[in-house]
Amino acid sequence: EPRRDLEGLKVLVTAGPTREAIDPVRFIGNHSSGKMGYALAERAKARGASVTLITGPVEIAPPSGVTVVPVTTTEEMLQAARTAFPEADITIKAAAPADFRAKYPRTEKIKKEADRDDFVLELVKNPDIAKTLGEMKKPGQVLVGFAAETGSLFTNARAKVLSKHLDFIVANDVTRAGAGFGTDTNIVTLIDGEGDGVELPLMDKKAVADRVLDEALAVHRRKNG
Ligand code: PMT
């Protein structure tokens with residue numbers, strides 16, 4: 001690997017979905033495969049960074065040489081992220097944490113009721129990990145988010161940059177073919193707080209990872225002289 005431009009830097013990546021138990025056999029989840037976050041961890045490691053990967057449950061193997069912290073729920077991902085964040089120079093939140101969890105997770109399997117066709121499950125909001133880290137952020141640290149959008153990509157993504165105190169966000173329109181969940185490729189727009197955006201073409205997730213790391217490193221250099 002010729003380019004060791006992340007040597008001496010600590011990179012923290014979150015990846016994959018989180019799962020919230022409904023009862024002992026069911027959960028709330030989403031289609032995140034972990035590929036985007038694992039590609040970031042792999043490229044950061046290859047470029048010389050010391051990498052911590054906080055990951056929800058996925059089917060793929062983590063890159064070798066990175067510190068893996070497995071978690072299940074959004075609350076667990078938050079605790080792991082809060083612990084690792086103060087040490088990190090660059091943090092990239094590629095995970096897709098569940099925004100809601102069951103208000104009353106059942107300790108026994110929910111049974112069908114013979115006389116009812118509907119079932120109401122009460123949900124409660126989960127903490128926002130990126131926002132929590134944004135509030136903890138020290139001046140030299142770089143915090144990058146992802147935004148999974150299904151419309152109004154630019155407006156929604158820019159609002160997330162500002163509300164979560166991010167340096168920039170990687171917005172993907174998850175309705176486009178070859179972009180978002182599960183695929184080996186992605187189509188992303190890098191958007192900063194000023195609302196300036198760079199739309200990249202369809203690329204392999206590893207190439208997207210390199211572009212995101214290039215931009216994060218540039219911001220890190222600007223902030224740290
Ligand atoms: O894993 P893959 O199959 O490769 O798919 C990649 C991906 C589509 C999951 C990835 O590219 C992506 O878009 N990740 C972010 C998904 C998401 O949760 O987007 P959001 O717009 O809901 O959240 C915005 C940001 O806030 C994200 O950085 C997210 O990690 C973070 N967040 C969200 C909810 C929450 N409770 N806490 C958070 O920190």
# chains A, B, ... in the order shown; residues from 1 in each chain; ligands from 1
>>> select_by_dssp(residues="stretch 8-223 of chain A", states="alpha helix (DSSP H)", output="JSON, numbers by chain")
{"A": [35, 36, 37, 38, 39, 40, 41, 42, 43, 44, 45, 46, 74, 75, 76, 77, 78, 79, 80, 81, 82, 83, 84, 129, 130, 131, 132, 133, 134, 135, 136, 153, 154, 155, 156, 157, 158, 159, 160, 161, 162, 163, 205, 206, 207, 208, 209, 210, 211, 212, 213, 214, 215, 216, 217, 218, 219, 220, 221, 222, 223]}
>>> residues_around(residues="A:Lys10", least_positions_apart="2", cutoff="6 Å", atoms="only C-alpha atoms", output="count of residues only")
5
>>> residues_around(residues="A:Glu20", least_positions_apart="6", cutoff="10 Å", atoms="only C-alpha atoms", output="number ranges by chain")
A: 26-29, 72-75, 97-102, 105, 126
>>> closest_residue(among="A:Asp5, A:Asp192, A:Asp204, A:Asp117", to="A:Ala159", atoms="only C-alpha atoms")
A:Asp192
>>> select_by_dssp(residues="stretch 7-131 of chain A", states="strand (DSSP E)", output="ChimeraX atom specification")
/A:10-15,20-23,26-28,50-55,67-70,90-93,100-102,123-125
>>> write_last_selection(atoms="N, CA and C atoms", output="compact mmCIF listing (two decimals), in the first residue's frame")
# COMPACT_ATOMS: atom_id res chain seq x y z
N LYS A 10 -6.04 8.12 14.80
CA LYS A 10 -7.02 7.14 15.27
C LYS A 10 -8.34 7.40 14.57
N VAL A 11 -8.84 6.37 13.89
CA VAL A 11 -10.11 6.49 13.17
C VAL A 11 -11.14 5.56 13.81
N LEU A 12 -12.29 6.13 14.13
CA LEU A 12 -13.41 5.37 14.71
C LEU A 12 -14.53 5.28 13.67
N VAL A 13 -14.98 4.05 13.41
CA VAL A 13 -16.05 3.84 12.42
C VAL A 13 -17.19 3.08 13.09
N THR A 14 -18.44 3.50 12.85
CA THR A 14 -19.58 2.67 13.23
C THR A 14 -20.20 2.09 11.97
N ALA A 15 -20.68 0.85 12.06
CA ALA A 15 -21.17 0.15 10.87
C ALA A 15 -22.34 -0.77 11.21
N GLU A 20 -33.42 -4.01 17.92
CA GLU A 20 -34.16 -3.74 19.16
C GLU A 20 -35.16 -4.85 19.38
N ALA A 21 -35.06 -5.52 20.52
CA ALA A 21 -35.94 -6.67 20.79
C ALA A 21 -37.39 -6.23 20.96
N ILE A 22 -38.30 -6.99 20.33
CA ILE A 22 -39.74 -6.83 20.56
C ILE A 22 -40.17 -7.86 21.61
N ASP A 23 -39.69 -9.09 21.40
CA ASP A 23 -39.88 -10.17 22.36
C ASP A 23 -38.67 -11.10 22.19
N ARG A 26 -38.22 -11.83 18.26
CA ARG A 26 -38.42 -10.83 17.19
C ARG A 26 -37.67 -9.55 17.52
N PHE A 27 -37.28 -8.84 16.45
CA PHE A 27 -36.62 -7.56 16.67
C PHE A 27 -36.98 -6.54 15.59
N ILE A 28 -36.72 -5.28 15.87
CA ILE A 28 -36.79 -4.21 14.88
C ILE A 28 -35.39 -4.06 14.31
N SER A 50 -4.89 3.76 13.03
CA SER A 50 -5.27 2.81 14.06
C SER A 50 -6.80 2.87 14.13
N VAL A 51 -7.48 1.73 13.88
CA VAL A 51 -8.92 1.75 13.61
C VAL A 51 -9.72 0.99 14.66
N THR A 52 -10.78 1.62 15.15
CA THR A 52 -11.78 0.94 15.98
C THR A 52 -13.09 0.89 15.20
N LEU A 53 -13.66 -0.32 15.12
CA LEU A 53 -14.89 -0.54 14.36
C LEU A 53 -15.98 -1.00 15.32
N ILE A 54 -16.96 -0.13 15.56
CA ILE A 54 -18.11 -0.49 16.39
C ILE A 54 -19.19 -1.00 15.43
N THR A 55 -19.59 -2.26 15.61
CA THR A 55 -20.45 -2.85 14.59
C THR A 55 -21.68 -3.54 15.16
N THR A 67 -9.62 -2.97 15.71
CA THR A 67 -10.24 -3.32 16.98
C THR A 67 -11.75 -3.35 16.78
N VAL A 68 -12.36 -4.52 16.99
CA VAL A 68 -13.80 -4.67 16.73
C VAL A 68 -14.58 -4.64 18.04
N VAL A 69 -15.59 -3.80 18.10
CA VAL A 69 -16.47 -3.74 19.27
C VAL A 69 -17.88 -4.11 18.81
N PRO A 70 -18.32 -5.36 19.07
CA PRO A 70 -19.65 -5.76 18.62
C PRO A 70 -20.74 -5.26 19.57
N ILE A 90 -10.60 11.07 13.89
CA ILE A 90 -11.64 11.11 12.86
C ILE A 90 -12.68 10.04 13.18
N THR A 91 -13.95 10.44 13.26
CA THR A 91 -15.03 9.50 13.54
C THR A 91 -16.02 9.53 12.38
N ILE A 92 -16.37 8.35 11.88
CA ILE A 92 -17.28 8.27 10.74
C ILE A 92 -18.44 7.35 11.09
N LYS A 93 -19.66 7.90 11.05
CA LYS A 93 -20.84 7.17 11.50
C LYS A 93 -21.61 6.59 10.32
N PHE A 100 -35.99 3.89 16.82
CA PHE A 100 -37.00 3.60 17.84
C PHE A 100 -36.79 2.20 18.41
N ARG A 101 -37.21 2.01 19.64
CA ARG A 101 -37.21 0.67 20.24
C ARG A 101 -38.58 0.44 20.88
N ALA A 102 -38.87 -0.84 21.18
CA ALA A 102 -40.14 -1.15 21.82
C ALA A 102 -40.19 -0.51 23.21
N LEU A 123 -43.72 2.29 20.50
CA LEU A 123 -42.29 2.53 20.34
C LEU A 123 -41.88 3.79 21.09
N VAL A 124 -40.59 3.85 21.43
CA VAL A 124 -40.05 5.04 22.08
C VAL A 124 -38.76 5.40 21.35
N LYS A 125 -38.46 6.70 21.27
CA LYS A 125 -37.30 7.17 20.52
C LYS A 125 -35.99 6.72 21.16
>>> atom_distance(atom1="atom 21 (O, counted along the ligand's line) of ligand 1", atom2="atom CA of A:Lys223")
25.5 Å
>>> residues_around(residues="A:Val170", least_positions_apart="2", cutoff="7 Å", atoms="only C-alpha atoms", output="PyMOL selection string")
chain A and resi 145-147+168+172+188-191
>>> write_last_selection(atoms="N, CA and C atoms", output="PDB file, in the first residue's frame")
ATOM      1  N   GLY A 145     -20.892  12.193   9.301  1.00  0.00           N
ATOM      2  CA  GLY A 145     -22.101  11.368   9.351  1.00  0.00           C
ATOM      3  C   GLY A 145     -22.446  10.828   7.982  1.00  0.00           C
ATOM      4  N   PHE A 146     -23.392   9.933   7.950  1.00  0.00           N
ATOM      5  CA  PHE A 146     -24.002   9.487   6.709  1.00  0.00           C
ATOM      6  C   PHE A 146     -25.471   9.895   6.781  1.00  0.00           C
ATOM      7  N   ALA A 147     -26.109  10.050   5.646  1.00  0.00           N
ATOM      8  CA  ALA A 147     -27.541  10.324   5.619  1.00  0.00           C
ATOM      9  C   ALA A 147     -28.176   9.406   4.591  1.00  0.00           C
ATOM     10  N   PHE A 168     -18.974  17.171   7.923  1.00  0.00           N
ATOM     11  CA  PHE A 168     -19.718  16.987   6.669  1.00  0.00           C
ATOM     12  C   PHE A 168     -20.489  15.684   6.734  1.00  0.00           C
ATOM     13  N   ASN A 172     -26.605   9.482   0.834  1.00  0.00           N
ATOM     14  CA  ASN A 172     -26.953   8.553  -0.241  1.00  0.00           C
ATOM     15  C   ASN A 172     -28.460   8.479  -0.394  1.00  0.00           C
ATOM     16  N   VAL A 188     -22.948   8.751  -3.770  1.00  0.00           N
ATOM     17  CA  VAL A 188     -23.032   9.655  -2.619  1.00  0.00           C
ATOM     18  C   VAL A 188     -22.743  11.100  -3.005  1.00  0.00           C
ATOM     19  N   THR A 189     -23.278  12.000  -2.194  1.00  0.00           N
ATOM     20  CA  THR A 189     -22.968  13.423  -2.286  1.00  0.00           C
ATOM     21  C   THR A 189     -22.385  13.854  -0.952  1.00  0.00           C
ATOM     22  N   LEU A 190     -21.186  14.464  -0.974  1.00  0.00           N
ATOM     23  CA  LEU A 190     -20.572  14.969   0.259  1.00  0.00           C
ATOM     24  C   LEU A 190     -21.076  16.396   0.460  1.00  0.00           C
ATOM     25  N   ILE A 191     -21.715  16.647   1.608  1.00  0.00           N
ATOM     26  CA  ILE A 191     -22.348  17.942   1.856  1.00  0.00           C
ATOM     27  C   ILE A 191     -21.835  18.530   3.169  1.00  0.00           C
TER      28      ILE A 191
END
>>> residues_around(residues="A:Lys137", least_positions_apart="3", cutoff="12 Å", atoms="only C-alpha atoms", output="PyMOL selection string")
chain A and resi 82+85-91+130-134+140-144+164-167
>>> write_last_selection(atoms="C-alpha atoms", output="CSV table (one decimal), in the first residue's frame")
chain,number,residue,atom,x,y,z
A,82,ARG,CA,-19.0,7.5,23.8
A,85,PHE,CA,-14.8,8.9,20.8
A,86,PRO,CA,-12.6,11.1,23.0
A,87,GLU,CA,-9.5,9.2,21.7
A,88,ALA,CA,-10.5,9.4,18.0
A,89,ASP,CA,-9.1,12.0,15.5
A,90,ILE,CA,-11.6,11.1,12.9
A,91,THR,CA,-15.0,9.5,13.5
A,130,ALA,CA,-24.1,11.3,16.1
A,131,LYS,CA,-25.7,14.2,17.9
A,132,THR,CA,-24.4,13.1,21.3
A,133,LEU,CA,-20.9,12.8,19.8
A,134,GLY,CA,-21.3,16.2,18.1
A,140,GLY,CA,-9.4,19.3,16.6
A,141,GLN,CA,-11.7,16.4,16.1
A,142,VAL,CA,-13.5,15.5,12.8
A,143,LEU,CA,-17.0,14.0,12.9
A,144,VAL,CA,-18.5,12.7,9.7
A,164,LYS,CA,-25.6,17.0,14.7
A,165,HIS,CA,-22.6,19.3,14.6
A,166,LEU,CA,-20.9,17.3,11.8
A,167,ASP,CA,-18.0,18.5,9.7
